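Only one structure is covered here, and it is reproduced in the block below.
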Amino acid sequence: MEKSGFFNSSGGDRLYNAIDFAAYFGDLVSNGIFYRVADNLKVTASTGMNITVQPGSAWINGYHYQNTTPLDLLISTANGINPRIDRVVIRWDNMARSINLAIITGTPAATPVAPDLTRNADIYELGIADILVPSSVLTISPGNISDTRLNPDLCGLVNSLVTAVYE
């Protein structure tokens, strides 16, 4: 099937929806965070088991995400025996028609590993931080937060076709 666009409608013969626009923009802009400022969507320790995600914006599969104020998220209670690694993600959810911040809780283990990102037709996640949650802790330490925003395998920076052509 051939498709083209976008043309003005004449008598309702040109109907476009969000999927059409997302596909178009998805061809021009890559997934990742915008990096206008260094703390764009940066994860920091807050109080107790809370973390804070700084304001910022991202792009996933042709859709825009923006967080306009610092947002606190609660890390689940630590395991009493083993540490774990939780992953902070920006989650594009096609079925819910939304993009939101979320925490994927890791599995406690003597040698913990971060949970995998989900990347399929319904869910696509960008990993912006990994949080080491030592056993029995009551507070998230700043030193236990690993920033993964610049890792192209987990998140990376938005790149546009226009920039890619000239680089």
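Starting from 1 in every chain, residues are counted up; chains themselves are A, B, ... following the order of the structure tokens, and ligands are numbered from 1 as listed.
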*asked:* I'd like the contact shell of range 122-137 of chain A - 7 Å cut-off, only C-alpha atoms, skipping same-chain residues fewer than 4 positions apart - returned as a VMD selection string.
replied: chain A and resid 43 78 to 95 114 117 to 118 144 to 149 154 to 155
*Within 8 Å of range 139-141 of chain A, counting only C-alpha atoms, which residues show up once you throw out same-chain ones fewer than 3 positions away? Write them as a PyMOL selection string, please.*
chain A and resi 45-51+133+144-145
Would you output that residue set with N, CA and C atoms, as a tab-separated table (two decimals), in the first residue's frame?
```tsv
chain	number	residue	atom	x	y	z
A	45	ALA	N	18.63	11.64	44.68
A	45	ALA	CA	18.09	11.14	45.94
A	45	ALA	C	17.27	12.24	46.60
A	46	SER	N	16.22	11.85	47.27
A	46	SER	CA	15.37	12.79	48.00
A	46	SER	C	15.44	12.41	49.48
A	47	THR	N	14.32	12.21	50.12
A	47	THR	CA	14.31	11.80	51.52
A	47	THR	C	13.81	10.37	51.64
A	48	GLY	N	14.34	9.65	52.61
A	48	GLY	CA	13.91	8.27	52.81
A	48	GLY	C	14.14	7.44	51.56
A	49	MET	N	13.12	6.70	51.15
A	49	MET	CA	13.20	5.85	49.96
A	49	MET	C	12.68	6.56	48.71
A	50	ASN	N	12.60	7.88	48.76
A	50	ASN	CA	12.13	8.65	47.61
A	50	ASN	C	13.29	9.11	46.74
A	51	ILE	N	13.03	9.18	45.45
A	51	ILE	CA	13.94	9.80	44.50
A	51	ILE	C	13.17	10.92	43.81
A	133	VAL	N	19.76	-0.73	45.63
A	133	VAL	CA	19.02	-0.73	46.90
A	133	VAL	C	19.65	-1.80	47.79
A	144	ASN	N	24.31	5.69	45.31
A	144	ASN	CA	23.72	4.46	44.79
A	144	ASN	C	22.87	4.68	43.55
A	145	ILE	N	22.91	5.89	43.02
A	145	ILE	CA	22.17	6.21	41.80
A	145	ILE	C	23.15	6.30	40.64
```
_Calculated over only C-alpha atoms, which of the candidates A:Asn8, A:Thr107, A:Thr68, A:Ser76 has the smallest distance to Gly56 in chain A?_
A:Thr68
*Filtered DSSP result for range 51-165 of chain A, state strand (DSSP E), as a PyMOL selection string*: chain A and resi 51-53+56-60+63-67+71-74+84-93+98-104+123-133+145-147
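For Pro70 in chain A, the residues within 6 Å (counting only C-alpha atoms, excluding itself and residues fewer than 3 positions away along the chain) are Val53, Gln54 and Pro55 of chain A.
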Would you mind exporting C-alpha atoms of the selected residues as a compact mmCIF listing (two decimals), in the first residue's frame?
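Okay, this is what ended up in again.txt:
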```
# COMPACT_ATOMS: atom_id res chain seq x y z
CA VAL A 53 13.24 13.17 38.69
CA GLN A 54 14.10 16.66 37.52
CA PRO A 55 12.03 18.48 34.87
```
